[in-house]
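As stored in target-v5.cif (mmCIF, C-alpha atoms):
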```cif
data_data
loop_
_atom_site.label_atom_id
_atom_site.label_comp_id
_atom_site.auth_asym_id
_atom_site.auth_seq_id
_atom_site.Cartn_x
_atom_site.Cartn_y
_atom_site.Cartn_z
CA MET A 88 126.90 108.61 111.50
CA PRO A 89 123.20 108.39 112.46
CA ASP A 90 122.11 108.95 116.05
CA THR A 91 121.42 105.43 117.33
CA THR A 92 119.15 106.34 120.25
CA HIS A 93 115.94 105.77 118.28
CA ALA A 94 117.37 102.77 116.47
CA GLU A 95 118.35 100.98 119.67
CA THR A 96 114.79 101.25 120.95
CA LEU A 97 113.16 100.34 117.64
CA ASN A 98 115.44 97.36 117.07
CA ARG A 99 113.93 95.70 120.14
CA GLN A 100 110.40 95.91 118.69
CA SER A 101 108.54 93.24 116.78
CA LEU A 102 107.49 94.08 113.25
CA PHE A 103 103.86 94.15 114.40
CA ALA A 104 104.55 96.87 117.01
CA PHE A 105 105.45 99.45 114.36
CA PRO A 106 101.96 100.43 113.13
CA SER A 107 100.71 101.49 116.57
CA TYR A 108 103.94 103.33 117.35
CA PHE A 109 103.85 105.02 113.94
CA ALA A 110 100.22 106.06 114.57
CA SER A 111 101.29 107.85 117.77
CA LEU A 112 103.70 110.15 115.88
CA PRO A 113 102.88 113.44 114.10
CA PRO A 114 103.38 113.83 110.37
CA PRO A 115 106.20 116.13 109.28
CA GLU A 116 105.45 119.40 107.55
CA MET A 117 106.08 119.04 103.82
CA ALA A 118 108.41 122.06 103.76
CA ALA A 119 110.51 120.54 106.57
CA LEU A 120 111.41 117.56 104.38
CA THR A 121 113.57 119.49 101.91
CA GLY A 122 117.14 118.23 102.03
CA VAL A 123 119.17 115.05 102.21
CA TRP A 124 118.23 112.26 104.62
CA ARG A 125 120.43 109.24 105.41
CA ALA A 126 118.60 105.95 105.90
CA GLU A 127 119.03 103.46 108.72
CA PHE A 128 117.28 100.10 108.78
CA VAL A 129 115.45 99.36 112.03
CA GLY A 130 113.29 96.60 113.40
CA PRO A 131 113.91 92.95 114.15
CA GLY A 132 117.38 91.64 113.36
CA TRP A 133 116.17 89.32 110.61
CA LEU A 134 114.62 92.30 108.77
CA ARG A 135 117.75 94.45 109.11
CA ARG A 136 119.78 91.57 107.65
CA ILE A 137 117.57 90.91 104.61
CA ALA A 138 116.75 94.56 103.76
CA PRO A 139 120.02 95.47 101.93
CA PRO A 140 120.15 92.35 99.70
CA GLY A 141 116.38 92.57 99.17
CA LEU A 142 116.67 96.15 97.94
CA ALA A 143 119.58 95.13 95.69
CA LEU A 144 117.33 92.54 94.02
CA LEU A 145 114.80 95.33 93.40
CA GLY A 146 117.32 97.69 91.80
CA LEU A 147 118.26 99.75 94.85
CA GLY A 148 121.56 98.13 95.76
CA GLY A 149 123.65 100.36 98.01
CA TRP A 150 120.58 102.32 99.12
CA TRP A 151 121.83 105.25 101.20
CA GLY A 152 118.76 107.46 101.75
CA LYS A 153 116.50 110.04 100.12
CA GLU A 154 116.70 113.61 98.91
CA PHE A 155 113.59 115.79 98.97
CA THR A 156 113.89 118.60 96.44
CA SER A 157 111.14 120.80 95.06
CA PRO A 158 107.67 120.47 96.57
CA GLY A 159 106.30 117.07 95.76
CA LYS A 160 109.53 115.61 94.37
CA ALA A 161 112.26 113.39 95.77
CA SER A 162 114.82 110.78 94.73
CA ASN A 163 116.39 107.77 96.31
CA ILE A 164 120.13 107.96 96.89
CA VAL A 165 122.38 104.95 96.37
CA GLU A 166 126.09 104.53 96.98
CA ARG A 167 127.90 103.02 94.03
CA ASP A 168 131.67 102.84 93.55
CA GLY A 169 132.19 105.29 96.41
CA SER A 170 129.84 107.92 94.95
CA LEU A 171 126.33 108.92 95.96
CA LEU A 172 123.86 108.97 93.06
CA ARG A 173 120.23 110.03 92.73
CA VAL A 174 118.05 107.23 91.32
CA LEU A 175 114.39 106.25 91.10
CA PRO A 176 112.47 109.55 91.34
CA MET A 177 109.55 109.73 93.74
CA LEU A 178 106.42 111.79 94.31
CA VAL A 179 105.73 113.27 97.76
CA LYS A 180 102.28 114.38 98.88
CA GLU A 181 100.01 114.76 101.85
CA ALA A 182 97.73 111.73 101.95
CA VAL A 183 95.58 109.63 104.22
CA SER A 184 97.79 106.99 105.83
CA LEU A 185 97.35 103.33 104.91
CA VAL A 186 98.58 102.56 108.44
CA ASP A 187 96.10 104.49 110.58
CA GLY A 188 93.78 106.52 108.31
CA GLN A 189 95.20 109.81 109.62
CA ARG A 190 96.69 112.74 107.69
CA GLY A 191 100.27 112.05 106.75
CA VAL A 192 102.97 112.23 104.11
CA ALA A 193 103.24 109.55 101.43
CA ILE A 194 106.21 108.97 99.14
CA SER A 195 105.24 107.02 96.05
CA TYR A 196 106.71 106.07 92.71
CA PRO A 197 105.43 107.20 89.30
CA SER A 198 103.59 104.66 87.16
CA GLY A 199 106.53 104.23 84.76
CA SER A 200 108.89 103.11 87.55
CA PRO A 201 110.33 99.58 87.38
CA PHE A 202 108.51 96.72 89.13
CA PRO A 203 107.55 96.67 92.03
CA TRP A 204 107.90 100.37 92.84
CA PRO A 205 104.57 101.63 91.44
CA TRP A 206 102.89 99.39 94.06
CA VAL A 207 104.99 100.62 96.98
CA VAL A 208 104.57 103.65 99.23
CA ASP A 209 106.74 104.97 102.04
CA GLU A 210 104.88 106.84 104.76
CA VAL A 211 106.79 109.08 107.16
CA ARG A 212 106.18 110.46 110.64
CA ARG A 213 108.38 112.72 112.76
CA LEU A 214 110.32 111.24 115.69
CA ASP A 215 112.12 114.54 116.34
CA GLU A 216 113.40 117.55 114.39
CA THR A 217 116.07 115.54 112.58
CA THR A 218 114.66 112.01 112.45
CA LEU A 219 111.74 110.47 110.60
CA LEU A 220 110.26 107.01 111.06
CA ALA A 221 109.23 105.56 107.70
CA LEU A 222 107.20 102.48 106.92
CA THR A 223 107.35 100.91 103.47
CA LEU A 224 104.05 99.34 102.47
CA THR A 225 102.54 97.70 99.42
CA THR A 226 99.50 99.49 98.01
CA PRO A 227 97.36 96.76 96.37
CA ARG A 228 94.65 95.65 98.80
CA TRP A 229 95.21 91.99 97.91
CA LEU A 230 98.84 92.05 99.12
CA PRO A 231 99.73 91.85 102.82
CA ARG A 232 100.69 95.24 104.26
CA LEU A 233 103.69 94.29 106.35
CA PRO A 234 105.33 97.49 107.58
CA MET A 235 109.00 97.58 106.63
CA PRO A 236 110.47 100.25 108.96
CA PHE A 237 113.48 102.50 108.51
CA LEU A 238 114.71 105.80 109.86
CA LEU A 239 115.68 108.87 107.89
CA HIS A 240 118.24 111.18 109.53
CA ARG A 241 118.57 114.75 108.25
CA GLN A 242 122.08 115.50 107.01
CA GLU A 243 123.66 118.85 107.73
CA GLN A 244 125.33 119.17 104.35
CA SER A 245 124.55 117.53 101.07
CA LYS A 246 127.11 114.85 100.23
CA ILE A 247 125.81 114.43 96.71
#
```
Output the structure of this file as structure tokens.
Amino acid sequence: MPDTTHAETLNRQSLFAFPSYFASLPPPEMAALTGVWRAEFVGPGWLRRIAPPGLALLGLGGWWGKEFTSPGKASNIVERDGSLLRVLPMLVKEAVSLVDGQRGVAISYPSGSPFPWPWVVDEVRRLDETTLLALTLTTPRWLPRLPMPFLLHRQEQSKI
């Protein structure tokens, strides 16, 4: 079960407080990402309630977390019928943040991914050695960049 200390604090924040908090955090080292990370939705209650069904509509029903494998590669993990499965491959790279213009880590989706994923990026920053704060953002300039926050908690052993 994820450590709820960070979540309890972040769940009291407005959605618009996340960019400045995110900007205050350091980016993780790319090598430190390798492994399995369990997701936890954070932010205002309304967002935590709509996130799971919203992801289901976008093909990520049962979203459980992410697995970072070889340098620059990752996959989403979903729970289906009691099993954890890798789905929707991702690309991981150091990049300038859309949130604050600083160096960071961006997780994006290849151009052949189903809609809307090629226009989505997850940026991550380090809260502590085992927890990342991630913000999901849209990449087209003409779309609003509302930060959709979640936590990633490092798992001791792979459950996949």
| said: Once the PyMOL selection byres ((chain A and resi 156) around 12) is applied to the coordinates I shared, what remains selected? I want it as a list in words. | reply: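 Output from the PyMOL selection byres ((chain A and resi 156) around 12), applied to this file: Met117, Ala118, Ala119, Leu120, Thr121, Gly122, Val123, Trp124, Lys153, Glu154, Phe155, Ser157, Pro158, Gly159, Lys160, Ala161, Ser162, Asn163, Arg173, Pro176, Met177, Leu178, Val179 and Ser245 of chain A.
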Could you take the residues named above and write them with C-alpha atoms, as a compact mmCIF listing (two decimals), in the coordinates of the input?
```txt
# COMPACT_ATOMS: atom_id res chain seq x y z
CA MET A 117 106.08 119.04 103.82
CA ALA A 118 108.41 122.06 103.76
CA ALA A 119 110.51 120.54 106.57
CA LEU A 120 111.41 117.56 104.38
CA THR A 121 113.57 119.49 101.91
CA GLY A 122 117.14 118.23 102.03
CA VAL A 123 119.17 115.05 102.21
CA TRP A 124 118.23 112.26 104.62
CA LYS A 153 116.50 110.04 100.12
CA GLU A 154 116.70 113.61 98.91
CA PHE A 155 113.59 115.79 98.97
CA SER A 157 111.14 120.80 95.06
CA PRO A 158 107.67 120.47 96.57
CA GLY A 159 106.30 117.07 95.76
CA LYS A 160 109.53 115.61 94.37
CA ALA A 161 112.26 113.39 95.77
CA SER A 162 114.82 110.78 94.73
CA ASN A 163 116.39 107.77 96.31
CA ARG A 173 120.23 110.03 92.73
CA PRO A 176 112.47 109.55 91.34
CA MET A 177 109.55 109.73 93.74
CA LEU A 178 106.42 111.79 94.31
CA VAL A 179 105.73 113.27 97.76
CA SER A 245 124.55 117.53 101.07
```
| request: Measure the distance from atom CA of Met235 of chain A to atom CA of Leu220 of chain A in Å and round it to one decimal. | output: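 Computed distance, atom CA of Met235 of chain A to atom CA of Leu220 of chain A, equals 10.5 Å.
Here the question is which of A:Gly169, A:Gly132, A:Gly188, A:Gly146 gets nearest to Pro201 of chain A using all atoms listed in the file, and that residue is A:Gly146.
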| message | Starting from the PyMOL selection byres ((chain A and resi 227) around 12), expand the selection into actual residues of this file and give them as a list in words. | response |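 Evaluating the PyMOL selection byres ((chain A and resi 227) around 12) on these coordinates yields Leu185, Pro203, Trp204, Pro205, Trp206, Val207, Val208, Leu224, Thr225, Thr226, Arg228, Trp229, Leu230, Pro231 and Arg232 of chain A.
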Evaluate the PyMOL selection byres ((chain A and resi 93) around 10) here and jot the selected residues down as a tab-separated table (two decimals) with C-alpha atoms, in the coordinates of the input.
```tsv
chain	number	residue	atom	x	y	z
A	89	PRO	CA	123.20	108.39	112.46
A	90	ASP	CA	122.11	108.95	116.05
A	91	THR	CA	121.42	105.43	117.33
A	92	THR	CA	119.15	106.34	120.25
A	94	ALA	CA	117.37	102.77	116.47
A	95	GLU	CA	118.35	100.98	119.67
A	96	THR	CA	114.79	101.25	120.95
A	97	LEU	CA	113.16	100.34	117.64
A	98	ASN	CA	115.44	97.36	117.07
A	129	VAL	CA	115.45	99.36	112.03
A	214	LEU	CA	110.32	111.24	115.69
A	215	ASP	CA	112.12	114.54	116.34
A	218	THR	CA	114.66	112.01	112.45
A	219	LEU	CA	111.74	110.47	110.60
A	220	LEU	CA	110.26	107.01	111.06
A	238	LEU	CA	114.71	105.80	109.86
```
| request: Might you pull out every residue within 8 Å of Trp151 of chain A, with all atoms listed in the file counted and same-chain residues fewer than 6 positions away left off, and present them as an MDAnalysis selection string? | output: chainID A and resid 125:126 163:166 171
| request: Find the residue from A:Leu239, A:Phe109, A:Ala104, A:Gln189 that sits nearest to Gly152 of chain A; use all atoms listed in the file when measuring. | output: A:Leu239
| said: Between atom CA of Asp168 of chain A and atom CA of Trp150 of chain A, what is the distance in Å, rounded to a tenth? | reply: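 Here the two named atoms are 12.4 Å from each other.
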| query | Rounded to one decimal in Å, what is the spacing between atom CA of Glu181 of chain A and atom CA of Ala193 of chain A? | reply |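 Here the two named atoms are 6.1 Å from each other.
Of the listed residues A:Arg99, A:Arg167, A:Pro131, A:Glu116, the one whose atoms come nearest to Ala143 of chain A is A:Arg167, with distances taken using all atoms listed in the file.
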| task | For a cut-off of 7 Å around (104.8, 115.7, 107.0), file coordinates, pick out all residues using only C-alpha atoms and list them as a list in words. | result |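 These residues have at least one counted atom within 7 Å: Pro114, Pro115, Glu116, Met117, Gly191, Val192, Val211 and Arg212 of chain A.
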| said: I need the residue nearest Leu134 of chain A from this list: A:Leu175, A:Ser195, A:Phe202, A:Leu102. Use only C-alpha atoms for the distance. | reply: A:Leu102
